[in-house]
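Here is start01.csv, consisting of CSV, C-alpha atoms:
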chain,number,residue,atom,x,y,z
A,28,MET,CA,-25.1,-4.7,4.5
A,29,SER,CA,-25.9,-1.6,2.5
A,30,VAL,CA,-26.7,-1.9,-1.1
A,31,ARG,CA,-26.2,-0.1,-4.4
A,32,THR,CA,-28.4,-0.5,-7.4
A,33,SER,CA,-27.7,-1.8,-10.8
A,34,GLY,CA,-29.4,-2.7,-14.0
A,35,SER,CA,-30.2,-6.2,-15.2
A,36,VAL,CA,-28.3,-8.4,-12.9
A,37,GLY,CA,-30.3,-11.6,-13.1
A,38,PRO,CA,-32.4,-13.8,-10.9
A,39,ALA,CA,-30.4,-13.6,-7.7
A,40,TYR,CA,-30.9,-9.8,-7.5
A,41,VAL,CA,-34.4,-9.3,-8.8
A,42,ASP,CA,-34.8,-5.9,-7.2
A,43,GLY,CA,-31.6,-4.6,-8.8
A,44,ALA,CA,-29.8,-4.3,-5.5
A,45,LEU,CA,-26.1,-5.4,-5.3
A,46,PRO,CA,-23.8,-5.7,-2.2
A,47,ASP,CA,-21.5,-2.9,-1.5
A,48,LEU,CA,-17.7,-3.3,-1.6
A,49,ALA,CA,-17.5,-5.0,1.8
A,50,GLY,CA,-20.3,-7.4,0.8
A,51,ARG,CA,-18.6,-8.3,-2.4
A,52,MET,CA,-15.3,-8.9,-0.7
A,53,ALA,CA,-17.0,-11.1,1.9
A,54,LEU,CA,-18.7,-13.1,-0.9
A,55,PHE,CA,-15.5,-13.4,-2.8
A,56,ALA,CA,-13.6,-14.6,0.3
A,57,THR,CA,-16.4,-17.1,1.2
A,58,ARG,CA,-16.3,-18.6,-2.3
A,59,VAL,CA,-12.5,-18.8,-2.5
A,60,VAL,CA,-12.2,-20.4,1.0
A,61,LEU,CA,-14.8,-23.0,0.1
A,62,GLY,CA,-13.0,-23.7,-3.1
A,63,LEU,CA,-9.7,-24.1,-1.2
A,64,LEU,CA,-11.5,-26.4,1.2
A,65,TRP,CA,-12.5,-28.8,-1.5
A,66,LEU,CA,-9.1,-28.4,-3.3
A,67,GLN,CA,-7.2,-29.5,-0.2
A,68,ASN,CA,-9.6,-32.3,0.6
A,69,SER,CA,-9.5,-33.8,-2.9
A,70,GLY,CA,-5.8,-34.4,-2.1
A,71,TRP,CA,-6.3,-37.4,0.2
A,72,LYS,CA,-8.8,-39.4,-1.9
A,73,THR,CA,-6.1,-41.6,-3.2
A,74,PRO,CA,-6.7,-44.1,-6.1
A,75,PRO,CA,-6.6,-46.9,-7.1
A,76,ASP,CA,-8.3,-48.3,-4.0
A,77,PHE,CA,-9.1,-45.2,-2.0
A,78,GLY,CA,-7.9,-46.9,1.2
A,79,ARG,CA,-9.9,-50.1,1.0
A,80,SER,CA,-7.0,-52.5,1.4
A,81,SER,CA,-5.6,-50.7,4.4
A,82,GLY,CA,-8.9,-49.6,5.9
A,83,SER,CA,-7.8,-46.0,5.8
A,84,GLY,CA,-8.5,-42.8,4.0
A,85,LEU,CA,-11.9,-42.4,2.2
A,86,TYR,CA,-12.8,-46.0,2.9
A,87,ARG,CA,-12.5,-45.5,6.7
A,88,PHE,CA,-14.6,-42.4,6.7
A,89,THR,CA,-17.2,-44.0,4.5
A,90,ARG,CA,-17.5,-46.9,6.9
A,91,LEU,CA,-18.2,-44.5,9.7
A,92,ALA,CA,-21.7,-44.1,8.3
A,93,ILE,CA,-22.4,-47.7,9.3
A,94,GLU,CA,-20.3,-47.9,12.5
A,95,HIS,CA,-21.7,-44.7,13.9
A,96,GLU,CA,-25.0,-44.5,12.2
A,97,VAL,CA,-26.5,-41.0,11.8
A,98,PHE,CA,-29.5,-41.7,9.5
A,99,ALA,CA,-30.6,-45.3,9.0
A,100,PRO,CA,-31.6,-45.1,5.3
A,101,TYR,CA,-28.3,-43.4,4.5
A,102,ALA,CA,-26.4,-46.1,6.4
A,103,PHE,CA,-28.4,-48.7,4.4
A,104,VAL,CA,-27.4,-47.2,1.1
A,105,VAL,CA,-23.7,-47.0,2.1
A,106,ARG,CA,-23.8,-50.7,3.2
A,107,GLU,CA,-25.7,-52.1,0.3
A,108,VAL,CA,-24.7,-49.8,-2.6
A,109,VAL,CA,-21.6,-47.7,-1.9
A,110,LEU,CA,-19.3,-50.3,-0.2
A,111,PRO,CA,-19.9,-53.1,-2.8
A,112,ASN,CA,-19.0,-50.5,-5.5
A,113,PHE,CA,-16.4,-48.6,-3.5
A,114,ILE,CA,-13.8,-48.0,-6.3
A,115,ALA,CA,-16.4,-46.3,-8.5
A,116,PHE,CA,-17.7,-44.4,-5.5
A,117,GLY,CA,-14.1,-43.3,-4.7
A,118,TRP,CA,-13.6,-41.9,-8.2
A,119,LEU,CA,-16.9,-40.2,-8.1
A,120,VAL,CA,-16.0,-38.5,-4.8
A,121,LEU,CA,-12.6,-37.5,-6.2
A,122,PHE,CA,-14.1,-36.0,-9.4
A,123,VAL,CA,-16.9,-34.1,-7.6
A,124,GLU,CA,-14.6,-32.7,-4.9
A,125,ALA,CA,-11.9,-31.7,-7.4
A,126,ALA,CA,-14.5,-30.1,-9.6
A,127,LEU,CA,-16.0,-28.3,-6.6
A,128,GLY,CA,-12.6,-26.9,-5.8
A,129,GLY,CA,-11.9,-25.8,-9.4
A,130,PHE,CA,-15.2,-24.2,-10.2
A,131,LEU,CA,-15.7,-22.4,-6.9
A,132,LEU,CA,-12.1,-21.1,-7.0
A,133,VAL,CA,-12.5,-19.5,-10.4
A,134,GLY,CA,-16.2,-18.7,-9.8
A,135,LEU,CA,-17.6,-20.4,-12.9
A,136,ALA,CA,-21.2,-21.8,-12.8
A,137,THR,CA,-21.0,-20.9,-9.2
A,138,ARG,CA,-24.6,-21.3,-8.1
A,139,PHE,CA,-24.8,-24.8,-9.6
A,140,TRP,CA,-21.6,-25.9,-7.9
A,141,ALA,CA,-22.6,-24.3,-4.6
A,142,LEU,CA,-25.7,-26.6,-4.6
A,143,VAL,CA,-23.4,-29.6,-5.4
A,144,GLY,CA,-21.4,-28.4,-2.4
A,145,VAL,CA,-24.5,-28.4,-0.2
A,146,VAL,CA,-25.3,-32.0,-1.2
A,147,GLN,CA,-21.7,-33.2,-0.8
A,148,SER,CA,-21.4,-31.5,2.7
A,149,ALA,CA,-24.7,-33.1,3.7
A,150,ALA,CA,-23.4,-36.5,2.6
A,151,ILE,CA,-20.2,-36.1,4.6
A,152,ALA,CA,-22.2,-35.0,7.6
A,153,LEU,CA,-24.4,-38.1,7.3
A,154,SER,CA,-21.3,-40.3,7.2
A,155,VAL,CA,-19.2,-38.9,10.1
A,156,LEU,CA,-21.5,-36.8,12.3
A,157,GLY,CA,-21.9,-39.6,14.8
A,158,ALA,CA,-18.2,-40.5,15.0
A,159,PRO,CA,-16.3,-39.7,18.2
A,160,GLY,CA,-14.5,-36.4,18.2
A,161,GLU,CA,-16.4,-34.8,15.3
A,162,TRP,CA,-17.5,-31.2,15.7
A,163,SER,CA,-21.0,-31.3,14.1
A,164,TRP,CA,-21.1,-27.5,13.6
A,165,SER,CA,-18.3,-27.7,11.1
A,166,TYR,CA,-20.6,-29.6,8.7
A,167,TYR,CA,-23.5,-27.2,9.4
A,168,LEU,CA,-21.2,-24.3,8.6
A,169,MET,CA,-20.1,-25.9,5.4
A,170,ILE,CA,-23.7,-26.3,4.3
A,171,ALA,CA,-24.5,-22.7,5.4
A,172,GLY,CA,-21.4,-21.4,3.5
A,173,HIS,CA,-22.5,-23.1,0.3
A,174,LEU,CA,-26.1,-21.9,0.7
A,175,ALA,CA,-24.7,-18.3,1.1
A,176,VAL,CA,-22.6,-18.6,-2.1
A,177,PHE,CA,-25.6,-20.0,-3.9
A,178,GLY,CA,-28.1,-17.4,-2.7
A,179,ALA,CA,-25.8,-14.5,-3.4
A,180,ALA,CA,-24.5,-15.8,-6.7
A,181,ALA,CA,-21.0,-15.2,-5.4
A,182,GLY,CA,-19.3,-16.0,-8.7
A,183,ARG,CA,-20.5,-12.6,-10.1
A,184,PHE,CA,-18.1,-10.8,-7.8
A,185,TRP,CA,-14.5,-11.1,-9.0
A,186,GLY,CA,-15.3,-14.5,-10.5
A,187,LEU,CA,-15.6,-15.7,-14.1
A,188,ASP,CA,-19.4,-15.6,-13.8
A,189,GLY,CA,-19.1,-11.9,-13.5
A,190,VAL,CA,-16.9,-11.6,-16.5
A,191,LEU,CA,-18.7,-14.0,-18.8
A,192,ARG,CA,-22.3,-13.6,-17.8
A,193,PRO,CA,-23.0,-10.5,-19.9
A,194,GLN,CA,-21.9,-12.6,-23.0
A,195,TRP,CA,-24.1,-15.5,-22.0
A,196,MET,CA,-27.1,-13.2,-21.5
A,197,ARG,CA,-26.6,-11.8,-25.0
A,198,SER,CA,-26.3,-15.2,-26.6
A,199,ASN,CA,-29.2,-17.5,-27.7
A,200,SER,CA,-27.3,-20.7,-27.5
A,201,VAL,CA,-28.4,-23.5,-25.2
A,202,VAL,CA,-25.0,-23.7,-23.5
A,203,ALA,CA,-25.0,-20.0,-22.8
A,204,ARG,CA,-28.6,-20.1,-21.4
A,205,LEU,CA,-27.6,-23.0,-19.1
A,206,LEU,CA,-24.5,-21.3,-17.9
A,207,SER,CA,-26.4,-18.1,-17.3
A,208,ARG,CA,-28.8,-20.0,-15.1
A,209,ALA,CA,-26.0,-21.9,-13.3
A,210,SER,CA,-24.2,-18.6,-12.5
B,25,MET,CA,-28.8,6.1,-34.2
B,26,ASP,CA,-26.9,6.1,-37.5
B,27,GLU,CA,-24.6,3.4,-38.8
B,28,GLU,CA,-21.4,5.1,-37.6
B,29,GLN,CA,-22.7,5.5,-34.1
B,30,LEU,CA,-23.7,1.9,-34.0
B,31,ARG,CA,-20.3,0.8,-35.2
B,32,ARG,CA,-18.6,3.0,-32.6
B,33,ARG,CA,-20.8,1.6,-29.8
B,34,SER,CA,-20.1,-1.9,-30.9
B,35,LEU,CA,-16.4,-1.2,-30.9
B,36,ALA,CA,-16.6,0.3,-27.4
B,37,VAL,CA,-18.5,-2.7,-26.1
B,38,LYS,CA,-16.0,-5.1,-27.7
B,39,SER,CA,-13.1,-3.3,-26.2
B,40,LEU,CA,-14.7,-3.3,-22.7
B,41,VAL,CA,-15.5,-7.0,-22.9
B,42,THR,CA,-12.2,-8.1,-24.3
B,43,SER,CA,-10.3,-6.0,-21.7
B,44,SER,CA,-12.2,-7.6,-18.8
B,45,LEU,CA,-11.6,-11.1,-20.3
B,46,ARG,CA,-7.9,-10.3,-20.7
B,47,ARG,CA,-7.6,-9.1,-17.1
B,48,ALA,CA,-9.2,-12.4,-16.0
B,49,GLU,CA,-6.8,-14.4,-18.2
B,50,ILE,CA,-3.8,-12.5,-16.7
B,51,VAL,CA,-5.0,-13.2,-13.1
B,52,LEU,CA,-5.6,-16.9,-13.7
B,53,SER,CA,-2.2,-17.2,-15.4
B,54,ILE,CA,-0.5,-15.5,-12.5
B,55,VAL,CA,-2.2,-17.9,-10.1
B,56,GLY,CA,-0.8,-20.8,-12.2
B,57,LEU,CA,2.6,-19.2,-12.3
B,58,ALA,CA,2.6,-18.7,-8.6
B,59,ALA,CA,1.6,-22.4,-8.0
B,60,GLY,CA,4.3,-23.6,-10.4
B,61,ILE,CA,7.1,-21.5,-8.9
B,62,ALA,CA,6.0,-22.5,-5.3
B,63,GLY,CA,6.1,-26.1,-6.5
B,64,LEU,CA,9.6,-25.6,-7.9
B,65,VAL,CA,10.8,-24.1,-4.6
B,66,VAL,CA,9.3,-26.8,-2.3
B,67,ALA,CA,10.4,-29.7,-4.6
B,68,ALA,CA,14.0,-28.6,-4.7
B,69,GLY,CA,16.0,-31.6,-3.6
B,70,LEU,CA,13.6,-34.2,-4.8
B,71,PRO,CA,14.4,-36.5,-7.8
B,72,VAL,CA,13.1,-34.8,-11.0
B,73,THR,CA,10.3,-37.3,-11.5
B,74,SER,CA,9.8,-38.4,-7.9
B,75,SER,CA,6.4,-40.1,-7.7
B,76,ARG,CA,5.7,-38.4,-4.3
B,77,GLY,CA,5.8,-34.7,-4.7
B,78,GLU,CA,6.2,-32.1,-2.0
B,79,LEU,CA,3.2,-30.2,-0.7
B,80,VAL,CA,3.0,-26.4,-1.3
B,81,ALA,CA,2.8,-24.8,2.1
B,82,ASN,CA,1.4,-28.0,3.6
B,83,PHE,CA,-1.7,-27.1,1.8
B,84,GLY,CA,-2.9,-29.0,-1.3
B,85,PRO,CA,-1.2,-29.4,-4.6
B,86,SER,CA,2.1,-31.3,-4.6
B,87,PHE,CA,4.9,-31.2,-7.1
B,88,ASN,CA,8.2,-32.8,-8.0
B,89,PRO,CA,10.7,-30.6,-9.9
B,90,LEU,CA,9.2,-31.7,-13.3
B,91,GLY,CA,5.7,-30.9,-12.1
B,92,GLY,CA,6.9,-27.4,-11.0
B,93,VAL,CA,8.5,-26.8,-14.4
B,94,VAL,CA,5.5,-28.0,-16.4
B,95,VAL,CA,3.0,-25.9,-14.5
B,96,THR,CA,5.3,-22.8,-14.6
B,97,VAL,CA,5.8,-23.1,-18.3
B,98,VAL,CA,2.2,-23.7,-19.2
B,99,ALA,CA,1.1,-20.8,-17.0
B,100,ALA,CA,3.8,-18.6,-18.6
B,101,VAL,CA,2.3,-19.5,-22.1
B,102,GLY,CA,-1.1,-18.4,-20.8
B,103,LEU,CA,0.3,-15.1,-19.5
B,104,VAL,CA,2.1,-14.3,-22.7
B,105,GLY,CA,-1.1,-15.1,-24.6
B,106,ALA,CA,-3.1,-12.8,-22.4
B,107,VAL,CA,-0.7,-9.9,-22.5
B,108,THR,CA,0.0,-10.1,-26.2
B,109,ARG,CA,-3.7,-10.6,-27.0
B,110,LYS,CA,-3.4,-14.0,-28.5
B,111,PRO,CA,-6.3,-16.1,-27.5
B,112,LEU,CA,-4.8,-19.2,-29.2
B,113,LEU,CA,-1.9,-19.1,-26.8
B,114,VAL,CA,-4.3,-18.8,-23.9
B,115,LEU,CA,-6.2,-21.7,-25.3
B,116,SER,CA,-3.0,-23.7,-25.6
B,117,ALA,CA,-2.3,-23.1,-21.9
B,118,ALA,CA,-5.8,-24.3,-21.1
B,119,GLY,CA,-5.1,-27.4,-23.1
B,120,GLY,CA,-1.8,-27.9,-21.2
B,121,PHE,CA,-3.6,-27.6,-17.8
B,122,GLY,CA,-6.2,-30.1,-19.2
B,123,LEU,CA,-3.3,-32.5,-19.9
B,124,CYS,CA,-2.0,-32.0,-16.3
B,125,ALA,CA,-5.5,-32.9,-15.0
B,126,LEU,CA,-5.4,-36.0,-17.2
B,127,GLN,CA,-2.0,-36.9,-15.8
B,128,VAL,CA,-3.4,-36.9,-12.3
B,129,ILE,CA,-6.3,-39.2,-13.2
B,130,VAL,CA,-4.0,-41.7,-14.9
B,131,GLN,CA,-1.0,-41.7,-12.4
B,132,PHE,CA,-2.1,-40.4,-9.0
B,133,GLY,CA,-1.6,-43.1,-6.3
B,134,ARG,CA,0.6,-45.2,-8.6
B,135,ASP,CA,4.3,-46.0,-8.6
B,136,THR,CA,4.8,-43.8,-11.7
B,137,ASN,CA,3.7,-40.3,-11.2
B,138,TRP,CA,5.6,-38.0,-13.6
B,139,LEU,CA,4.6,-34.7,-12.0
B,140,GLY,CA,4.4,-35.8,-8.3
B,141,SER,CA,0.8,-34.8,-8.3
B,142,ARG,CA,-2.3,-35.7,-6.3
B,143,GLY,CA,-6.0,-34.9,-6.1
B,144,SER,CA,-5.5,-31.3,-5.3
B,145,ASN,CA,-3.5,-30.8,-8.5
B,146,LEU,CA,-6.5,-32.2,-10.3
B,147,SER,CA,-8.6,-29.5,-8.8
B,148,LEU,CA,-6.1,-26.7,-9.6
B,149,SER,CA,-5.5,-28.0,-13.1
B,150,LEU,CA,-9.3,-28.1,-13.7
B,151,ALA,CA,-9.7,-24.6,-12.4
B,152,LEU,CA,-7.0,-23.2,-14.8
B,153,ALA,CA,-8.0,-25.3,-17.8
B,154,ILE,CA,-11.7,-24.5,-17.6
B,155,GLY,CA,-11.2,-20.9,-16.6
B,156,LEU,CA,-8.6,-20.1,-19.3
B,157,GLY,CA,-10.4,-22.1,-21.9
B,158,ALA,CA,-13.8,-20.4,-21.3
B,159,LEU,CA,-12.1,-16.9,-21.3
B,160,ALA,CA,-10.1,-17.6,-24.5
B,161,LEU,CA,-13.1,-19.0,-26.4
B,162,THR,CA,-15.3,-16.1,-25.3
B,163,GLU,CA,-12.6,-13.6,-26.3
B,164,ARG,CA,-12.3,-15.2,-29.8
B,165,ALA,CA,-16.1,-15.1,-30.2
B,166,ALA,CA,-16.3,-11.5,-29.0
B,167,SER,CA,-13.5,-10.1,-31.2
B,168,GLY,CA,-14.5,-12.2,-34.2
B,169,ARG,CA,-18.3,-12.4,-34.6
B,170,GLY,CA,-20.6,-12.1,-31.6
B,171,ILE,CA,-20.4,-8.5,-30.4
B,172,LEU,CA,-19.8,-6.8,-33.8
B,173,ARG,CA,-22.7,-8.6,-35.4
B,174,SER,CA,-25.3,-8.0,-32.7
Mind turning the file's structure into structure tokens?
Amino acid sequence: MSVRTSGSVGPAYVDGALPDLAGRMALFATRVVLGLLWLQNSGWKTPPDFGRSSGSGLYRFTRLAIEHEVFAPYAFVVREVVLPNFIAFGWLVLFVEAALGGFLLVGLATRFWALVGVVQSAAIALSVLGAPGEWSWSYYLMIAGHLAVFGAAAGRFWGLDGVLRPQWMRSNSVVARLLSRAS
Amino acid sequence: MDEEQLRRRSLAVKSLVTSSLRRAEIVLSIVGLAAGIAGLVVAAGLPVTSSRGELVANFGPSFNPLGGVVVTVVAAVGLVGAVTRKPLLVLSAAGGFGLCALQVIVQFGRDTNWLGSRGSNLSLSLALAIGLGALALTERAASGRGILRS
């Protein structure tokens, strides 16, 4: 990827180099596709019981962490902490995934949400990686995609981070400083 | 640099900032408008407040006819606010999408679901509420105090 140079662009681009048009388009597409991934997948986490009574939906996929164990400590946490508090866990998953979709789509606080995406992708991988028929590379690719969006601060290219960041950089408020770091 | 030059530079920066903010508001409003109109099209034939909406392009958000109308109207308010440079209207649209998100949290998966929505609508509504809200608040600050004072 060739680069062009720019002035003060923040921590992700300390040498002042920015991607060219093709690079910016690729980062934009990656961010939006990841946003749509979470937007679509927040659709089937259905309250109020998230599939517990029928053994389907989020409950079925969460149980896979125990039935087809990938990592013993994770399976222990799912068995002892998550399943006994499954409704609260279901709401947490719904909120996190809906927020991931929303924030990545518009490109706001993108670096922070990309890291959340890495964590959520890893949690899903640890739940279902050992289940029959799963293609493990899909989860590695999800993690890699979020890492790329984080590393390249993809919200700065045709995202709200790019529009609002100059304002945050000029402001002395705590919120603006936090958003500046998260973008 | 004399005072007149400083004033001109401030006005130029303000104009640049507010125009990029407005462009972003227009884009987000059009996204909401497209989703609402698509919802209206796919939900044609459903009862107006059907608790199970129809998926847009088999993809994510689902709407019944009322859901399609609500999202279309709220997005149109945002678009009018962006085009006519009225951040308060854009902020109202952000509030409207915030209420749509709240509706999903309260009614998704239950027998009563006024807008026929599901989790994907929560994601879309959050995107538009937070996006339009952040832009409108920043625009107000930029045109009112922040830029001109600094």
(request) Could the residues of chain B within 9 Å of chain A, counting only C-alpha atoms, be given as number ranges by chain, please? (result) B: 41, 44-45, 48, 52, 83-86, 129, 131-134, 142-152, 154-155, 158-159, 162, 166, 170-171, 174
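From atom CA of A:Glu107 back to atom CA of A:Ile151, the distance works out to 17.5 Å.
We find atom CA of A:Ala99 and atom CA of A:Gly78 to be spaced 24.1 Å apart.
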(request) Find the residues around B:Val98 up to 8 Å (only C-alpha atoms counted), leave out those fewer than 3 positions away in its own chain, and share them as an NGL selection string. (result) :B and (94-95 or 101-102 or 117 or 120-121)
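Reported to one decimal place, the separation of atom CA of A:Met52 from atom CA of A:Phe184 is 7.9 Å.
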How big is the axis-aligned box around all listed atoms of stretch 101-110 of chain B once 6 Å goes on each side, and where's its centre, in Å to one decimal, as AutoDock Vina command-line options?
--center_x -0.7 --center_y -14.7 --center_z -24.0 --size_x 18.0 --size_y 21.6 --size_z 21.0
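With only C-alpha atoms as the atoms that count, the minimum distance from B:Ala67 to the choices B:Ala125, B:Ser116, B:Leu35, B:Gly140 is reached by B:Gly140.
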Skipping near chain neighbours, those fewer than 5 positions away, what residues fall within 10 Å of A:Leu142 using all atoms listed in the file, listed as a compact mmCIF listing (two decimals) with C-alpha atoms, keeping the file's coordinate frame?
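Printed below is result.txt as written:
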# COMPACT_ATOMS: atom_id res chain seq x y z
CA THR A 137 -21.00 -20.90 -9.20
CA GLN A 147 -21.70 -33.20 -0.80
CA SER A 148 -21.40 -31.50 2.70
CA ILE A 170 -23.70 -26.30 4.30
CA HIS A 173 -22.50 -23.10 0.30
CA LEU A 174 -26.10 -21.90 0.70
CA VAL A 176 -22.60 -18.60 -2.10
CA PHE A 177 -25.60 -20.00 -3.90
CA GLY A 178 -28.10 -17.40 -2.70
CA ALA A 209 -26.00 -21.90 -13.30
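With all atoms listed in the file as the atoms that count, the residue of A:Val146, A:Leu54, A:Ser154, A:Val60 with the shortest distance to A:Tyr86 is A:Ser154.
Nearest residue to B:Ala62, choosing from B:Ser74, B:Ser141, B:Gln127, B:Thr96 and counting all atoms listed in the file: B:Thr96.
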